[in-house]
Amino acid sequence: MLMGYSWGGLSVVNALNTHPEVDAVASLAGWNKSMNMIDHRGCQMVGPVAKLLLPFASVYEFFEYGSYAFSTGMKGFGNSDCAVIIVHGEQDDTIPIDYGYGTYYEKYADDPRFTFKKYPDRDHGVMTLEDGSLDMELMAEIVAFFDAQLTK
């Protein structure tokens, strides 16, 4: 079982590409693929013209990381039959919800192995409450999610 937040959220869903035997994954405020980050950050820095550079960035990633550069959470989900919980805040400007949660929800909303939790008033710190304290209710839900996988 794997759990990751932010880049860790990207990592755990991508791990399914090489480790389909994983039984359960929890991704919190994560990307679907690394190129999402390059696209988002590039557009923040220089505007939409950054999209013209994405093919070059993709080639660079391939030379730097080989086949891992083309790994995505979506491919990982297709490669595995694990249970999945995806958590994201709608106000997340660090990793916009459409770069992970939205992509996954579009395809897997009705798939019983997927659980989606979206928080309208939360940002990238999706695990914390407004006062900055850890959301113990969310943590308990994730623990229960993992516990349910142990009894299968």
# chains A, B, ... in the order shown; residues from 1 in each chain; ligands from 1
>>> closest_atom_pairs(of="stretch 3-89 of chain A", to="stretch 125-128 of chain A", cutoff="12 Å", atoms="only C-alpha atoms", output="tab-separated table")
residue	atom	partner	partner_atom	distance
A:Gly4	CA	A:Met127	CA	11.5
A:Tyr5	CA	A:Met127	CA	9.1
A:Ser6	CA	A:Gly125	CA	9.3
A:Ser27	CA	A:Val126	CA	11.0
A:Leu28	CA	A:Val126	CA	7.3
A:Ala29	CA	A:Val126	CA	6.9
A:Gly30	CA	A:Val126	CA	10.6
A:Ile86	CA	A:Val126	CA	11.2
A:Val87	CA	A:Val126	CA	7.5
A:His88	CA	A:Val126	CA	6.1
A:Gly89	CA	A:Val126	CA	5.5
>>> write_last_selection(atoms="C-alpha atoms", output="compact mmCIF listing (two decimals), in the first residue's frame")
# COMPACT_ATOMS: atom_id res chain seq x y z
CA GLY A 4 1.79 10.17 -1.20
CA TYR A 5 1.21 13.90 -1.05
CA SER A 6 2.05 16.38 -3.84
CA SER A 27 -2.82 10.17 -3.68
CA LEU A 28 -3.31 13.55 -2.01
CA ALA A 29 -2.98 16.72 -4.10
CA GLY A 30 -0.85 14.94 -6.70
CA ILE A 86 -7.79 10.48 -4.59
CA VAL A 87 -7.97 13.61 -2.41
CA HIS A 88 -7.63 17.20 -3.63
CA GLY A 89 -8.58 20.76 -2.73
>>> select_by_dssp(residues="stretch 12-128 of chain A", states="alpha helix (DSSP H)", output="mmCIF file with N, CA and C atoms, in the first residue's frame")
data_model
loop_
_atom_site.group_PDB
_atom_site.id
_atom_site.type_symbol
_atom_site.label_atom_id
_atom_site.label_comp_id
_atom_site.auth_asym_id
_atom_site.auth_seq_id
_atom_site.Cartn_x
_atom_site.Cartn_y
_atom_site.Cartn_z
ATOM 1 N N VAL A 12 3.256 7.771 -6.164
ATOM 2 C CA VAL A 12 2.542 6.535 -5.826
ATOM 3 C C VAL A 12 1.660 6.041 -6.964
ATOM 4 N N VAL A 13 1.027 6.954 -7.715
ATOM 5 C CA VAL A 13 0.200 6.485 -8.832
ATOM 6 C C VAL A 13 1.073 6.011 -9.993
ATOM 7 N N ASN A 14 2.228 6.630 -10.160
ATOM 8 C CA ASN A 14 3.149 6.196 -11.216
ATOM 9 C C ASN A 14 3.856 4.898 -10.859
ATOM 10 N N ALA A 15 3.996 4.603 -9.589
ATOM 11 C CA ALA A 15 4.619 3.343 -9.168
ATOM 12 C C ALA A 15 3.829 2.142 -9.679
ATOM 13 N N SER A 34 4.569 14.126 -14.832
ATOM 14 C CA SER A 34 5.526 15.213 -14.597
ATOM 15 C C SER A 34 5.356 16.359 -15.586
ATOM 16 N N MET A 35 4.946 16.072 -16.803
ATOM 17 C CA MET A 35 4.766 17.142 -17.789
ATOM 18 C C MET A 35 3.660 18.113 -17.383
ATOM 19 N N ASN A 36 2.720 17.651 -16.536
ATOM 20 C CA ASN A 36 1.700 18.568 -16.012
ATOM 21 C C ASN A 36 2.363 19.699 -15.242
ATOM 22 N N MET A 37 3.367 19.361 -14.442
ATOM 23 C CA MET A 37 4.061 20.356 -13.642
ATOM 24 C C MET A 37 4.813 21.332 -14.545
ATOM 25 N N ILE A 38 5.483 20.807 -15.549
ATOM 26 C CA ILE A 38 6.240 21.661 -16.465
ATOM 27 C C ILE A 38 5.293 22.604 -17.201
ATOM 28 N N ASP A 39 4.159 22.092 -17.633
ATOM 29 C CA ASP A 39 3.148 22.899 -18.310
ATOM 30 C C ASP A 39 2.626 23.999 -17.378
ATOM 31 N N HIS A 40 2.208 23.617 -16.191
ATOM 32 C CA HIS A 40 1.624 24.576 -15.243
ATOM 33 C C HIS A 40 2.629 25.651 -14.830
ATOM 34 N N ARG A 41 3.812 25.225 -14.425
ATOM 35 C CA ARG A 41 4.827 26.193 -13.979
ATOM 36 C C ARG A 41 5.290 27.088 -15.134
ATOM 37 N N GLY A 42 5.462 26.501 -16.299
ATOM 38 C CA GLY A 42 5.878 27.283 -17.469
ATOM 39 C C GLY A 42 4.868 28.362 -17.803
ATOM 40 N N CYS A 43 3.591 28.018 -17.787
ATOM 41 C CA CYS A 43 2.537 29.012 -18.083
ATOM 42 C C CYS A 43 2.471 30.090 -17.008
ATOM 43 N N GLN A 44 2.762 29.731 -15.754
ATOM 44 C CA GLN A 44 2.802 30.740 -14.693
ATOM 45 C C GLN A 44 3.936 31.738 -14.925
ATOM 46 N N MET A 45 5.068 31.226 -15.415
ATOM 47 C CA MET A 45 6.243 32.084 -15.583
ATOM 48 C C MET A 45 6.200 32.946 -16.844
ATOM 49 N N VAL A 46 5.810 32.349 -17.982
ATOM 50 C CA VAL A 46 5.897 33.094 -19.242
ATOM 51 C C VAL A 46 4.587 33.152 -20.020
ATOM 52 N N LEU A 54 6.731 22.633 -24.663
ATOM 53 C CA LEU A 54 6.473 21.319 -24.078
ATOM 54 C C LEU A 54 7.078 20.163 -24.866
ATOM 55 N N PRO A 55 7.035 20.172 -26.198
ATOM 56 C CA PRO A 55 7.678 19.059 -26.920
ATOM 57 C C PRO A 55 9.179 18.959 -26.621
ATOM 58 N N PHE A 56 9.840 20.100 -26.480
ATOM 59 C CA PHE A 56 11.278 20.096 -26.166
ATOM 60 C C PHE A 56 11.522 19.588 -24.745
ATOM 61 N N ALA A 57 10.657 20.003 -23.842
ATOM 62 C CA ALA A 57 10.773 19.529 -22.462
ATOM 63 C C ALA A 57 10.542 18.023 -22.390
ATOM 64 N N SER A 58 9.624 17.535 -23.192
ATOM 65 C CA SER A 58 9.338 16.102 -23.227
ATOM 66 C C SER A 58 10.546 15.311 -23.723
ATOM 67 N N VAL A 59 11.200 15.810 -24.754
ATOM 68 C CA VAL A 59 12.408 15.152 -25.275
ATOM 69 C C VAL A 59 13.512 15.169 -24.215
ATOM 70 N N TYR A 60 13.681 16.313 -23.551
ATOM 71 C CA TYR A 60 14.687 16.409 -22.493
ATOM 72 C C TYR A 60 14.391 15.387 -21.394
ATOM 73 N N GLU A 61 13.139 15.307 -20.967
ATOM 74 C CA GLU A 61 12.771 14.345 -19.920
ATOM 75 C C GLU A 61 13.090 12.922 -20.359
ATOM 76 N N PHE A 62 12.838 12.605 -21.631
ATOM 77 C CA PHE A 62 13.127 11.270 -22.120
ATOM 78 C C PHE A 62 14.627 10.970 -22.025
ATOM 79 N N PHE A 63 15.464 11.916 -22.458
ATOM 80 C CA PHE A 63 16.911 11.692 -22.390
ATOM 81 C C PHE A 63 17.405 11.617 -20.953
ATOM 82 N N GLU A 64 16.766 12.340 -20.076
ATOM 83 C CA GLU A 64 17.178 12.348 -18.670
ATOM 84 C C GLU A 64 16.674 11.125 -17.901
ATOM 85 N N TYR A 65 15.422 10.695 -18.189
ATOM 86 C CA TYR A 65 14.791 9.663 -17.357
ATOM 87 C C TYR A 65 14.342 8.421 -18.121
ATOM 88 N N GLY A 73 -0.051 8.456 -14.012
ATOM 89 C CA GLY A 73 -0.970 7.795 -13.096
ATOM 90 C C GLY A 73 -2.061 7.051 -13.849
ATOM 91 N N MET A 74 -2.565 7.653 -14.923
ATOM 92 C CA MET A 74 -3.622 7.006 -15.710
ATOM 93 C C MET A 74 -3.149 5.662 -16.265
ATOM 94 N N LYS A 75 -1.919 5.611 -16.764
ATOM 95 C CA LYS A 75 -1.379 4.339 -17.258
ATOM 96 C C LYS A 75 -1.227 3.359 -16.097
ATOM 97 N N GLY A 76 -0.786 3.860 -14.957
ATOM 98 C CA GLY A 76 -0.634 3.010 -13.775
ATOM 99 C C GLY A 76 -1.960 2.396 -13.334
ATOM 100 N N PHE A 77 -3.018 3.185 -13.333
ATOM 101 C CA PHE A 77 -4.334 2.661 -12.953
ATOM 102 C C PHE A 77 -4.792 1.578 -13.927
ATOM 103 N N GLY A 78 -4.497 1.772 -15.200
ATOM 104 C CA GLY A 78 -4.852 0.772 -16.199
ATOM 105 C C GLY A 78 -4.038 -0.498 -16.078
ATOM 106 N N ASN A 79 -2.886 -0.394 -15.443
ATOM 107 C CA ASN A 79 -1.960 -1.505 -15.292
ATOM 108 C C ASN A 79 -2.204 -2.301 -14.002
ATOM 109 N N TYR A 101 -6.721 14.920 -9.883
ATOM 110 C CA TYR A 101 -8.078 14.534 -9.514
ATOM 111 C C TYR A 101 -9.037 14.611 -10.707
ATOM 112 N N GLY A 102 -9.075 15.735 -11.405
ATOM 113 C CA GLY A 102 -10.006 15.912 -12.519
ATOM 114 C C GLY A 102 -9.788 14.910 -13.630
ATOM 115 N N THR A 103 -8.535 14.643 -13.949
ATOM 116 C CA THR A 103 -8.191 13.661 -14.981
ATOM 117 C C THR A 103 -8.683 12.279 -14.576
ATOM 118 N N TYR A 104 -8.433 11.914 -13.330
ATOM 119 C CA TYR A 104 -8.825 10.590 -12.841
ATOM 120 C C TYR A 104 -10.345 10.466 -12.741
ATOM 121 N N TYR A 105 -10.975 11.521 -12.211
ATOM 122 C CA TYR A 105 -12.422 11.487 -12.010
ATOM 123 C C TYR A 105 -13.161 11.313 -13.338
ATOM 124 N N GLU A 106 -12.683 11.965 -14.362
ATOM 125 C CA GLU A 106 -13.320 11.885 -15.673
ATOM 126 C C GLU A 106 -13.455 10.437 -16.152
ATOM 127 N N LYS A 107 -12.435 9.635 -15.893
ATOM 128 C CA LYS A 107 -12.451 8.253 -16.371
ATOM 129 C C LYS A 107 -12.977 7.265 -15.320
ATOM 130 N N TYR A 108 -12.680 7.517 -14.050
ATOM 131 C CA TYR A 108 -12.935 6.497 -13.033
ATOM 132 C C TYR A 108 -14.019 6.853 -12.011
#
>>> residues_around(residues="A:Ala148", least_positions_apart="4", cutoff="10 Å", atoms="only C-alpha atoms", output="PDB file with N, CA and C atoms, in the first residue's frame")
ATOM      1  N   ALA A  24      -3.236  -1.025  -2.734  1.00  0.00           N
ATOM      2  CA  ALA A  24      -4.000   0.209  -2.523  1.00  0.00           C
ATOM      3  C   ALA A  24      -3.082   1.419  -2.620  1.00  0.00           C
ATOM      4  N   ALA A  83      -7.070  -0.738  -5.206  1.00  0.00           N
ATOM      5  CA  ALA A  83      -8.037   0.243  -4.718  1.00  0.00           C
ATOM      6  C   ALA A  83      -7.334   1.602  -4.663  1.00  0.00           C
ATOM      7  N   ILE A 142      -8.599   7.647   5.557  1.00  0.00           N
ATOM      8  CA  ILE A 142      -7.531   7.004   4.784  1.00  0.00           C
ATOM      9  C   ILE A 142      -7.064   5.734   5.477  1.00  0.00           C
ATOM     10  N   VAL A 143      -6.930   5.779   6.798  1.00  0.00           N
ATOM     11  CA  VAL A 143      -6.556   4.579   7.556  1.00  0.00           C
ATOM     12  C   VAL A 143      -7.612   3.492   7.366  1.00  0.00           C
ATOM     13  N   ALA A 144      -8.904   3.859   7.445  1.00  0.00           N
ATOM     14  CA  ALA A 144      -9.986   2.886   7.248  1.00  0.00           C
ATOM     15  C   ALA A 144      -9.942   2.313   5.826  1.00  0.00           C
ATOM     16  N   LYS A 152      -9.062  -8.031   2.648  1.00  0.00           N
ATOM     17  CA  LYS A 152      -9.465  -8.700   1.391  1.00  0.00           C
ATOM     18  C   LYS A 152      -8.615  -9.912   1.129  1.00  0.00           C
TER      19      LYS A 152
END
>>> atom_distance(atom1="atom CA of A:Glu21", atom2="atom CA of A:Met3")
14.8 Å
>>> atom_distance(atom1="atom CA of A:Gly8", atom2="atom CA of A:Asp92")
15.8 Å
>>> closest_residue(among="A:Ile85, A:Gly47, A:Phe70, A:Trp7", to="A:Phe114", atoms="only C-alpha atoms")
A:Ile85
>>> select_by_dssp(residues="stretch 3-46 of chain A", states="strand (DSSP E or B)", output="list in words")
Met3, Gly4, Tyr5, Ala24, Val25, Ala26, Ser27 and Leu28 of chain A
>>> closest_residue(among="A:Val84, A:Met136, A:Leu53, A:Glu141", to="A:Met1", atoms="only C-alpha atoms")
A:Val84
>>> closest_residue(among="A:Asp135, A:Ser11, A:Asp123, A:Gln91", to="A:Ala26", atoms="only C-alpha atoms")
A:Ser11
>>> atom_distance(atom1="atom CA of A:Pro120", atom2="atom CA of A:Phe145")
21.6 Å
